[in-house]
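K.L.:
So that you have it, the file is protein.cif, and it contains mmCIF, C-alpha atoms:
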```
data_work
loop_
_atom_site.group_PDB
_atom_site.id
_atom_site.type_symbol
_atom_site.label_atom_id
_atom_site.label_comp_id
_atom_site.auth_asym_id
_atom_site.auth_seq_id
_atom_site.Cartn_x
_atom_site.Cartn_y
_atom_site.Cartn_z
ATOM 1 C CA MET A 997 97.690 102.246 45.878
ATOM 2 C CA THR A 998 95.161 104.379 44.046
ATOM 3 C CA GLN A 999 91.511 103.611 43.899
ATOM 4 C CA THR A 1000 89.241 105.026 41.234
ATOM 5 C CA ALA A 1001 85.842 106.105 42.435
ATOM 6 C CA THR A 1002 84.075 104.388 39.581
ATOM 7 C CA ALA A 1003 85.845 101.031 39.755
ATOM 8 C CA PRO A 1004 83.211 98.413 40.439
ATOM 9 C CA ARG A 1005 83.928 96.392 43.547
ATOM 10 C CA LEU A 1006 81.279 93.845 42.754
ATOM 11 C CA ARG A 1007 82.121 91.002 40.482
ATOM 12 C CA ILE A 1008 79.253 89.742 38.452
ATOM 13 C CA LYS A 1009 79.262 86.052 37.918
ATOM 14 C CA LEU A 1010 77.205 85.057 35.010
ATOM 15 C CA ARG A 1011 76.307 81.438 35.488
ATOM 16 C CA LEU A 1012 74.368 79.504 32.913
ATOM 17 C CA GLU A 1013 72.627 76.521 34.333
ATOM 18 C CA TYR A 1014 70.075 74.053 33.222
ATOM 19 C CA ASP A 1015 68.320 72.510 36.168
ATOM 20 C CA SER A 1016 71.061 72.389 38.740
ATOM 21 C CA PRO A 1017 74.354 71.589 37.012
ATOM 22 C CA LEU A 1018 76.482 74.516 36.008
ATOM 23 C CA ILE A 1019 76.910 74.572 32.263
ATOM 24 C CA LEU A 1020 79.080 77.611 31.947
ATOM 25 C CA GLY A 1021 80.503 80.083 34.404
ATOM 26 C CA PRO A 1022 83.506 82.373 34.636
ATOM 27 C CA GLY A 1023 85.946 79.539 35.369
ATOM 28 C CA LYS A 1024 84.923 77.371 32.444
ATOM 29 C CA ALA A 1025 84.821 80.363 30.087
ATOM 30 C CA GLU A 1026 88.305 81.382 31.193
ATOM 31 C CA LEU A 1027 89.606 77.849 30.703
ATOM 32 C CA LEU A 1028 88.087 77.747 27.233
ATOM 33 C CA SER A 1029 89.719 81.093 26.320
ATOM 34 C CA ARG A 1030 93.094 79.975 27.509
ATOM 35 C CA ILE A 1031 92.934 76.627 25.730
ATOM 36 C CA ALA A 1032 92.074 78.546 22.544
ATOM 37 C CA ARG A 1033 95.126 80.745 23.013
ATOM 38 C CA LEU A 1034 97.574 78.103 24.210
ATOM 39 C CA GLY A 1035 96.411 75.050 22.277
ATOM 40 C CA SER A 1036 96.870 72.933 25.367
ATOM 41 C CA ILE A 1037 94.712 71.940 28.314
ATOM 42 C CA SER A 1038 97.697 71.445 30.588
ATOM 43 C CA ALA A 1039 99.186 74.851 29.727
ATOM 44 C CA ALA A 1040 95.818 76.520 30.274
ATOM 45 C CA ALA A 1041 95.399 74.748 33.605
ATOM 46 C CA ARG A 1042 98.904 75.758 34.670
ATOM 47 C CA GLU A 1043 98.226 79.412 33.880
ATOM 48 C CA MET A 1044 95.093 79.265 35.997
ATOM 49 C CA GLY A 1045 96.779 77.474 38.894
ATOM 50 C CA MET A 1046 94.411 74.589 38.334
ATOM 51 C CA SER A 1047 95.286 70.905 38.361
ATOM 52 C CA TYR A 1048 95.331 69.099 35.044
ATOM 53 C CA LYS A 1049 92.748 66.681 36.434
ATOM 54 C CA ARG A 1050 90.403 69.518 37.349
ATOM 55 C CA ALA A 1051 90.788 71.126 33.935
ATOM 56 C CA TRP A 1052 89.989 67.801 32.287
ATOM 57 C CA THR A 1053 86.867 67.434 34.387
ATOM 58 C CA LEU A 1054 85.669 70.896 33.345
ATOM 59 C CA VAL A 1055 86.427 70.203 29.682
ATOM 60 C CA GLU A 1056 84.538 66.912 29.857
ATOM 61 C CA GLU A 1057 81.570 68.601 31.535
ATOM 62 C CA MET A 1058 81.457 71.217 28.796
ATOM 63 C CA ASN A 1059 81.847 68.621 26.069
ATOM 64 C CA MET A 1060 78.917 66.704 27.548
ATOM 65 C CA ALA A 1061 76.713 69.762 28.004
ATOM 66 C CA PHE A 1062 76.768 70.826 24.379
ATOM 67 C CA ALA A 1063 75.543 68.868 21.384
ATOM 68 C CA ASP A 1064 79.049 68.971 19.888
ATOM 69 C CA PRO A 1065 82.312 69.030 21.833
ATOM 70 C CA VAL A 1066 83.725 72.437 22.640
ATOM 71 C CA ILE A 1067 87.290 71.128 22.892
ATOM 72 C CA ASP A 1068 88.963 68.675 20.573
ATOM 73 C CA SER A 1069 91.866 67.089 22.323
ATOM 74 C CA ALA A 1070 94.424 64.372 22.062
ATOM 75 C CA ARG A 1071 94.783 63.235 25.619
ATOM 76 C CA GLY A 1072 98.405 62.209 25.042
ATOM 77 C CA GLY A 1073 100.917 61.398 27.767
ATOM 78 C CA ALA A 1074 101.627 62.857 31.157
ATOM 79 C CA GLY A 1075 101.842 66.399 29.817
ATOM 80 C CA GLY A 1076 98.664 66.039 27.797
ATOM 81 C CA GLY A 1077 98.458 66.405 24.034
ATOM 82 C CA GLY A 1078 97.382 69.405 22.045
ATOM 83 C CA ALA A 1079 93.868 70.735 22.290
ATOM 84 C CA THR A 1080 91.848 73.023 20.073
ATOM 85 C CA VAL A 1081 88.617 74.859 20.624
ATOM 86 C CA THR A 1082 86.027 73.641 18.117
ATOM 87 C CA PRO A 1083 83.728 75.957 16.120
ATOM 88 C CA THR A 1084 81.011 75.151 18.681
ATOM 89 C CA GLY A 1085 83.373 76.101 21.487
ATOM 90 C CA GLU A 1086 84.186 79.376 19.740
ATOM 91 C CA LYS A 1087 80.479 80.183 19.403
ATOM 92 C CA VAL A 1088 79.820 79.338 23.042
ATOM 93 C CA LEU A 1089 82.596 81.645 24.132
ATOM 94 C CA VAL A 1090 81.443 84.488 21.862
ATOM 95 C CA HIS A 1091 77.892 84.396 23.230
ATOM 96 C CA TYR A 1092 78.989 84.078 26.838
ATOM 97 C CA ARG A 1093 81.365 87.031 26.487
ATOM 98 C CA ALA A 1094 78.629 89.053 24.778
ATOM 99 C CA LEU A 1095 76.348 88.495 27.772
ATOM 100 C CA GLU A 1096 79.134 89.482 30.147
ATOM 101 C CA THR A 1097 79.813 92.643 28.151
ATOM 102 C CA LEU A 1098 76.120 93.476 28.099
ATOM 103 C CA LEU A 1099 76.001 93.293 31.877
ATOM 104 C CA ARG A 1100 79.185 95.267 32.345
ATOM 105 C CA GLU A 1101 78.200 98.007 29.910
ATOM 106 C CA ALA A 1102 74.412 98.322 29.819
ATOM 107 C CA GLY A 1103 74.248 97.157 33.427
ATOM 108 C CA ALA A 1104 76.850 99.635 34.661
ATOM 109 C CA GLU A 1105 74.375 101.987 36.270
ATOM 110 C CA ASN A 1106 72.647 99.277 38.297
ATOM 111 C CA LEU A 1107 75.976 97.751 39.238
ATOM 112 C CA HIS A 1108 77.320 101.032 40.477
ATOM 113 C CA ALA A 1109 74.133 101.658 42.435
ATOM 114 C CA LEU A 1110 74.530 98.259 44.095
ATOM 115 C CA ASN A 1111 78.178 98.997 44.785
ATOM 116 C CA ALA A 1112 77.242 102.214 46.493
ATOM 117 C CA LEU A 1113 74.964 100.312 48.860
ATOM 118 C CA LEU A 1114 77.667 97.872 49.932
ATOM 119 C CA ARG A 1115 79.266 98.061 53.302
ATOM 120 C CA PRO A 1116 82.585 99.890 52.996
ATOM 121 C CA GLU A 1117 85.435 97.473 53.170
ATOM 122 C CA SER A 1118 86.634 96.978 56.690
ATOM 123 C CA SER A 1119 90.202 96.187 57.664
ATOM 124 C CA MET B 808 51.904 70.343 29.179
ATOM 125 C CA THR B 809 52.849 72.511 26.235
ATOM 126 C CA GLN B 810 56.330 73.658 25.484
ATOM 127 C CA THR B 811 57.040 76.750 23.452
ATOM 128 C CA ALA B 812 59.877 76.508 20.975
ATOM 129 C CA THR B 813 61.380 79.746 22.136
ATOM 130 C CA ALA B 814 61.365 79.009 25.857
ATOM 131 C CA PRO B 815 64.934 79.276 27.049
ATOM 132 C CA ARG B 816 66.205 76.090 28.617
ATOM 133 C CA LEU B 817 69.187 77.790 30.148
ATOM 134 C CA ARG B 818 68.758 79.532 33.418
ATOM 135 C CA ILE B 819 70.980 82.476 33.905
ATOM 136 C CA LYS B 820 72.200 82.911 37.387
ATOM 137 C CA LEU B 821 73.331 86.366 38.061
ATOM 138 C CA ARG B 822 75.650 86.230 41.013
ATOM 139 C CA LEU B 823 77.139 89.313 42.524
ATOM 140 C CA GLU B 824 80.257 88.618 44.471
ATOM 141 C CA TYR B 825 82.981 90.588 46.047
ATOM 142 C CA ASP B 826 86.094 88.510 46.375
ATOM 143 C CA SER B 827 84.715 85.078 47.043
ATOM 144 C CA PRO B 828 81.591 85.396 49.179
ATOM 145 C CA LEU B 829 78.303 85.556 47.387
ATOM 146 C CA ILE B 830 76.610 88.846 48.088
ATOM 147 C CA LEU B 831 73.480 88.351 46.083
ATOM 148 C CA GLY B 832 72.187 85.562 43.889
ATOM 149 C CA PRO B 833 68.835 84.234 42.772
ATOM 150 C CA GLY B 834 68.084 82.572 46.114
ATOM 151 C CA LYS B 835 68.763 85.634 48.241
ATOM 152 C CA ALA B 836 66.889 87.895 45.818
ATOM 153 C CA GLU B 837 63.920 85.542 45.903
ATOM 154 C CA LEU B 838 63.969 85.428 49.695
ATOM 155 C CA LEU B 839 64.082 89.218 49.828
ATOM 156 C CA SER B 840 61.103 89.479 47.444
ATOM 157 C CA ARG B 841 59.054 87.047 49.458
ATOM 158 C CA ILE B 842 59.837 88.703 52.779
ATOM 159 C CA ALA B 843 58.731 92.008 51.217
ATOM 160 C CA ARG B 844 55.446 90.429 50.158
ATOM 161 C CA LEU B 845 54.767 88.330 53.255
ATOM 162 C CA GLY B 846 56.245 90.510 55.984
ATOM 163 C CA SER B 847 57.742 87.453 57.599
ATOM 164 C CA ILE B 848 61.004 85.553 57.290
ATOM 165 C CA SER B 849 59.450 82.294 58.415
ATOM 166 C CA ALA B 850 56.564 82.565 55.936
ATOM 167 C CA ALA B 851 59.019 83.402 53.135
ATOM 168 C CA ALA B 852 61.228 80.461 54.100
ATOM 169 C CA ARG B 853 58.213 78.142 54.185
ATOM 170 C CA GLU B 854 57.136 79.195 50.688
ATOM 171 C CA MET B 855 60.599 78.456 49.398
ATOM 172 C CA GLY B 856 60.852 75.101 51.177
ATOM 173 C CA MET B 857 63.790 76.487 53.104
ATOM 174 C CA SER B 858 64.450 76.041 56.812
ATOM 175 C CA TYR B 859 63.935 79.045 59.040
ATOM 176 C CA LYS B 860 67.548 78.726 60.155
ATOM 177 C CA ARG B 861 68.806 78.843 56.571
ATOM 178 C CA ALA B 862 66.644 81.862 55.782
ATOM 179 C CA TRP B 863 68.027 83.634 58.840
ATOM 180 C CA THR B 864 71.573 82.911 57.770
ATOM 181 C CA LEU B 865 70.908 84.383 54.333
ATOM 182 C CA VAL B 866 69.251 87.452 55.821
ATOM 183 C CA GLU B 867 72.176 87.972 58.186
ATOM 184 C CA GLU B 868 74.658 87.603 55.327
ATOM 185 C CA MET B 869 72.775 90.224 53.324
ATOM 186 C CA ASN B 870 72.481 92.544 56.298
ATOM 187 C CA MET B 871 76.244 92.279 56.808
ATOM 188 C CA ALA B 872 77.104 92.776 53.134
ATOM 189 C CA PHE B 873 75.379 96.124 52.764
ATOM 190 C CA ALA B 874 76.124 99.313 54.638
ATOM 191 C CA ASP B 875 72.569 99.331 56.007
ATOM 192 C CA PRO B 876 70.451 96.282 56.766
ATOM 193 C CA VAL B 877 68.215 95.039 53.966
ATOM 194 C CA ILE B 878 65.769 93.402 56.375
ATOM 195 C CA ASP B 879 64.452 94.839 59.578
ATOM 196 C CA SER B 880 63.187 92.064 61.768
ATOM 197 C CA ALA B 881 61.935 91.269 65.204
ATOM 198 C CA ARG B 882 63.302 87.820 65.819
ATOM 199 C CA GLY B 883 60.440 86.937 68.134
ATOM 200 C CA GLY B 884 59.541 83.460 69.307
ATOM 201 C CA ALA B 885 59.527 80.079 67.641
ATOM 202 C CA GLY B 886 57.491 81.285 64.693
ATOM 203 C CA GLY B 887 59.622 84.376 64.209
ATOM 204 C CA GLY B 888 58.364 87.924 64.381
ATOM 205 C CA GLY B 889 57.465 90.231 61.568
ATOM 206 C CA ALA B 890 60.048 91.409 59.100
ATOM 207 C CA THR B 891 60.148 94.268 56.643
ATOM 208 C CA VAL B 892 62.409 95.060 53.754
ATOM 209 C CA THR B 893 64.198 98.344 54.378
ATOM 210 C CA PRO B 894 64.582 101.122 51.770
ATOM 211 C CA THR B 895 68.119 99.803 51.157
ATOM 212 C CA GLY B 896 66.717 96.314 50.644
ATOM 213 C CA GLU B 897 64.174 97.655 48.180
ATOM 214 C CA LYS B 898 66.906 99.420 46.205
ATOM 215 C CA VAL B 899 69.080 96.313 46.180
ATOM 216 C CA LEU B 900 66.206 94.271 44.822
ATOM 217 C CA VAL B 901 65.313 96.853 42.170
ATOM 218 C CA HIS B 902 68.859 96.970 40.803
ATOM 219 C CA TYR B 903 69.310 93.211 40.909
ATOM 220 C CA ARG B 904 66.030 92.660 39.046
ATOM 221 C CA ALA B 905 67.003 95.338 36.516
ATOM 222 C CA LEU B 906 70.215 93.448 35.761
ATOM 223 C CA GLU B 907 68.293 90.193 35.414
ATOM 224 C CA THR B 908 65.807 91.828 33.061
ATOM 225 C CA LEU B 909 68.624 93.312 31.015
ATOM 226 C CA LEU B 910 70.115 89.872 30.541
ATOM 227 C CA ARG B 911 66.809 88.261 29.739
ATOM 228 C CA GLU B 912 65.759 90.924 27.259
ATOM 229 C CA ALA B 913 68.841 92.476 25.667
ATOM 230 C CA GLY B 914 70.669 89.165 26.100
ATOM 231 C CA ALA B 915 67.915 87.068 24.516
ATOM 232 C CA GLU B 916 69.693 86.563 21.223
ATOM 233 C CA ASN B 917 72.903 85.312 22.804
ATOM 234 C CA LEU B 918 70.967 83.144 25.224
ATOM 235 C CA HIS B 919 68.986 81.528 22.472
ATOM 236 C CA ALA B 920 72.148 80.949 20.466
ATOM 237 C CA LEU B 921 73.679 79.209 23.477
ATOM 238 C CA ASN B 922 70.507 77.198 23.967
ATOM 239 C CA ALA B 923 70.652 76.013 20.390
ATOM 240 C CA LEU B 924 74.173 74.669 20.974
ATOM 241 C CA LEU B 925 73.160 72.610 24.008
ATOM 242 C CA ARG B 926 72.878 68.870 23.854
ATOM 243 C CA PRO B 927 69.225 67.956 23.367
ATOM 244 C CA GLU B 928 67.752 66.659 26.571
ATOM 245 C CA SER B 929 68.193 62.922 26.822
ATOM 246 C CA SER B 930 65.840 60.461 28.494
#
```
Please express the file's structure as structure tokens.
P.N.:
Amino acid sequence: MTQTATAPRLRIKLRLEYDSPLILGPGKAELLSRIARLGSISAAAREMGMSYKRAWTLVEEMNMAFADPVIDSARGGAGGGGATVTPTGEKVLVHYRALETLLREAGAENLHALNALLRPESS
Amino acid sequence: MTQTATAPRLRIKLRLEYDSPLILGPGKAELLSRIARLGSISAAAREMGMSYKRAWTLVEEMNMAFADPVIDSARGGAGGGGATVTPTGEKVLVHYRALETLLREAGAENLHALNALLRPESS
């Protein structure tokens, strides 16, 4: 197992909140990406090792948080119907990913400095 | 109470994690700042409306996460002794704040775009 000296050990979690509830974080963004790719909430949930119920809860939270829904879905039967990411959902994802990229790229120096201060991994 | 049109409603929470445990987030950074200013964990906790016990737990978590302690403290009696932020703690805070500033400034456009997609506040 090789380890590159520059690989960041720290994971940045970019969480967007308004008051206390989480509006968007890495998990919701990932779910949104996968639904966009797979066209299905249940398939996206499966890929993430997440229950269908949990995925639905996250989708409903996102749909409630934004003025327009981010996911358009036909709930369907046991397997769940098809689902598409709306134009609003696409915009949300674009801006969230842009902020993540900003941190990863322009923030690289600070991140690496923080990494260097961390306790070396034990055991 | 006036409200500026450009004030961001979203709060970004920058969380630095390694695997699952939170290494540094807004609460810990704030506690660190206040200890630096007040020279006391108990005074910092009081200002934040946080129990002394909780503040101690956060300080211990931070001290464990970094190779060197971020807070140097004399636990003292009931009121707690004095506490100082170490050079490592100062560096940690500087880099964390730099990442926050990066997001707030260079990320302003994406943040405002996300804000504009949010559901207008109800009630």
K.L.:
What residues come out when you apply the PyMOL selection byres ((chain B) within 9 of (chain A)) to this file, written as JSON, numbers by chain?
P.N.:
{"B": [816, 817, 818, 819, 820, 821, 822, 823, 824, 825, 826, 830, 871, 872, 873, 874, 875, 895, 898, 899, 901, 902, 903, 905, 906, 909, 910, 913, 914, 916, 917, 918, 920, 921, 922, 923, 924, 925, 926, 927]}
K.L.:
Around all listed atoms of region 1017-1022 of chain A, padded 4 Å per side, what centre and edge lengths does the axis-aligned box have in Å to one decimal, as lines of an AutoDock Vina configuration file?
P.N.:
```
center_x = 78.9
center_y = 77.0
center_z = 34.5
size_x = 17.2
size_y = 18.8
size_z = 13.1
```
K.L.:
Using CA of Thr864 (chain B) and CA of Pro894 (chain B) as the two end points, give the distance in Å to one decimal.
P.N.:
20.4 Å
K.L.:
Run the PyMOL selection byres ((chain B and resi 862) around 9) mentally over the shown coordinates, then write out the matched residues as a PyMOL selection string, using the chain letters and numbers from the document.
P.N.:
chain B and resi 835+838+848-849+851-852+857-861+863-867
K.L.:
Quick one: apply the PyMOL selection byres ((chain A and resi 1031) around 10) to the file and drop the selected residues here as a list in words.
P.N.:
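When the PyMOL selection byres ((chain A and resi 1031) around 10) is applied, the selected residues are Ala1025, Glu1026, Leu1027, Leu1028, Ser1029, Arg1030, Ala1032, Arg1033, Leu1034, Gly1035, Ser1036, Ile1037, Ser1038, Ala1039, Ala1040, Ala1041, Val1055, Ile1067, Gly1078, Ala1079, Thr1080 and Val1081 of chain A.
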K.L.:
As an exercise, work out the distance from CA of Arg1042 (chain A) to CA of Pro1022 (chain A) in Å and give it to one decimal place.
P.N.:
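That distance, rounded to one decimal, is 16.8 Å.
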K.L.:
Once N, CA and C atoms are restored for region 1081-1117 of chain A, what would the output be as a short mmCIF file (atom, residue, chain, number, x, y, z; two decimals), keeping the file's coordinate frame?
P.N.:
```
data_model
loop_
_atom_site.label_atom_id
_atom_site.label_comp_id
_atom_site.auth_asym_id
_atom_site.auth_seq_id
_atom_site.Cartn_x
_atom_site.Cartn_y
_atom_site.Cartn_z
N VAL A 1081 90.01 74.50 20.39
CA VAL A 1081 88.62 74.86 20.62
C VAL A 1081 87.88 74.66 19.30
N THR A 1082 86.80 73.93 19.33
CA THR A 1082 86.03 73.64 18.12
C THR A 1082 85.21 74.87 17.71
N PRO A 1083 84.64 74.87 16.51
CA PRO A 1083 83.73 75.96 16.12
C PRO A 1083 82.58 76.13 17.13
N THR A 1084 82.05 75.03 17.65
CA THR A 1084 81.01 75.15 18.68
C THR A 1084 81.56 75.86 19.91
N GLY A 1085 82.75 75.47 20.32
CA GLY A 1085 83.37 76.10 21.49
C GLY A 1085 83.59 77.59 21.27
N GLU A 1086 83.98 77.95 20.05
CA GLU A 1086 84.19 79.38 19.74
C GLU A 1086 82.87 80.14 19.85
N LYS A 1087 81.80 79.53 19.33
CA LYS A 1087 80.48 80.18 19.40
C LYS A 1087 80.04 80.35 20.86
N VAL A 1088 80.21 79.30 21.63
CA VAL A 1088 79.82 79.34 23.04
C VAL A 1088 80.52 80.50 23.75
N LEU A 1089 81.81 80.61 23.49
CA LEU A 1089 82.60 81.64 24.13
C LEU A 1089 82.16 83.04 23.68
N VAL A 1090 81.88 83.20 22.41
CA VAL A 1090 81.44 84.49 21.86
C VAL A 1090 80.14 84.93 22.54
N HIS A 1091 79.19 84.01 22.66
CA HIS A 1091 77.89 84.40 23.23
C HIS A 1091 77.99 84.66 24.73
N TYR A 1092 78.80 83.86 25.40
CA TYR A 1092 78.99 84.08 26.84
C TYR A 1092 79.64 85.44 27.09
N ARG A 1093 80.67 85.74 26.32
CA ARG A 1093 81.36 87.03 26.49
C ARG A 1093 80.44 88.20 26.13
N ALA A 1094 79.57 87.99 25.15
CA ALA A 1094 78.63 89.05 24.78
C ALA A 1094 77.68 89.34 25.94
N LEU A 1095 77.24 88.30 26.62
CA LEU A 1095 76.35 88.50 27.77
C LEU A 1095 77.09 89.20 28.91
N GLU A 1096 78.33 88.82 29.11
CA GLU A 1096 79.13 89.48 30.15
C GLU A 1096 79.31 90.97 29.84
N THR A 1097 79.60 91.25 28.57
CA THR A 1097 79.81 92.64 28.15
C THR A 1097 78.53 93.45 28.31
N LEU A 1098 77.43 92.82 27.94
CA LEU A 1098 76.12 93.48 28.10
C LEU A 1098 75.92 93.91 29.55
N LEU A 1099 76.16 92.98 30.46
CA LEU A 1099 76.00 93.29 31.88
C LEU A 1099 76.93 94.41 32.31
N ARG A 1100 78.18 94.30 31.89
CA ARG A 1100 79.18 95.27 32.34
C ARG A 1100 78.89 96.65 31.79
N GLU A 1101 78.42 96.70 30.54
CA GLU A 1101 78.20 98.01 29.91
C GLU A 1101 76.79 98.52 30.16
N ALA A 1102 75.79 97.83 29.64
CA ALA A 1102 74.41 98.32 29.82
C ALA A 1102 73.98 98.22 31.29
N GLY A 1103 74.63 97.33 32.03
CA GLY A 1103 74.25 97.16 33.43
C GLY A 1103 75.05 98.03 34.38
N ALA A 1104 75.91 98.87 33.82
CA ALA A 1104 76.85 99.64 34.66
C ALA A 1104 76.15 100.47 35.73
N GLU A 1105 75.07 101.10 35.33
CA GLU A 1105 74.38 101.99 36.27
C GLU A 1105 73.82 101.21 37.47
N ASN A 1106 73.18 100.10 37.20
CA ASN A 1106 72.65 99.28 38.30
C ASN A 1106 73.77 98.69 39.16
N LEU A 1107 74.84 98.29 38.49
CA LEU A 1107 75.98 97.75 39.24
C LEU A 1107 76.59 98.79 40.16
N HIS A 1108 76.74 99.97 39.64
CA HIS A 1108 77.32 101.03 40.48
C HIS A 1108 76.39 101.39 41.63
N ALA A 1109 75.10 101.38 41.36
CA ALA A 1109 74.13 101.66 42.44
C ALA A 1109 74.23 100.58 43.52
N LEU A 1110 74.37 99.34 43.11
CA LEU A 1110 74.53 98.26 44.10
C LEU A 1110 75.83 98.42 44.87
N ASN A 1111 76.89 98.75 44.14
CA ASN A 1111 78.18 99.00 44.78
C ASN A 1111 78.08 100.04 45.88
N ALA A 1112 77.35 101.09 45.55
CA ALA A 1112 77.24 102.21 46.49
C ALA A 1112 76.50 101.81 47.76
N LEU A 1113 75.72 100.77 47.68
CA LEU A 1113 74.96 100.31 48.86
C LEU A 1113 75.76 99.33 49.72
N LEU A 1114 76.87 98.85 49.19
CA LEU A 1114 77.67 97.87 49.93
C LEU A 1114 78.32 98.48 51.16
N ARG A 1115 78.54 97.64 52.12
CA ARG A 1115 79.27 98.06 53.30
C ARG A 1115 80.69 98.42 52.89
N PRO A 1116 81.19 99.55 53.33
CA PRO A 1116 82.58 99.89 53.00
C PRO A 1116 83.50 98.80 53.53
N GLU A 1117 84.51 98.53 52.77
CA GLU A 1117 85.44 97.47 53.17
C GLU A 1117 86.05 97.75 54.53
#
```
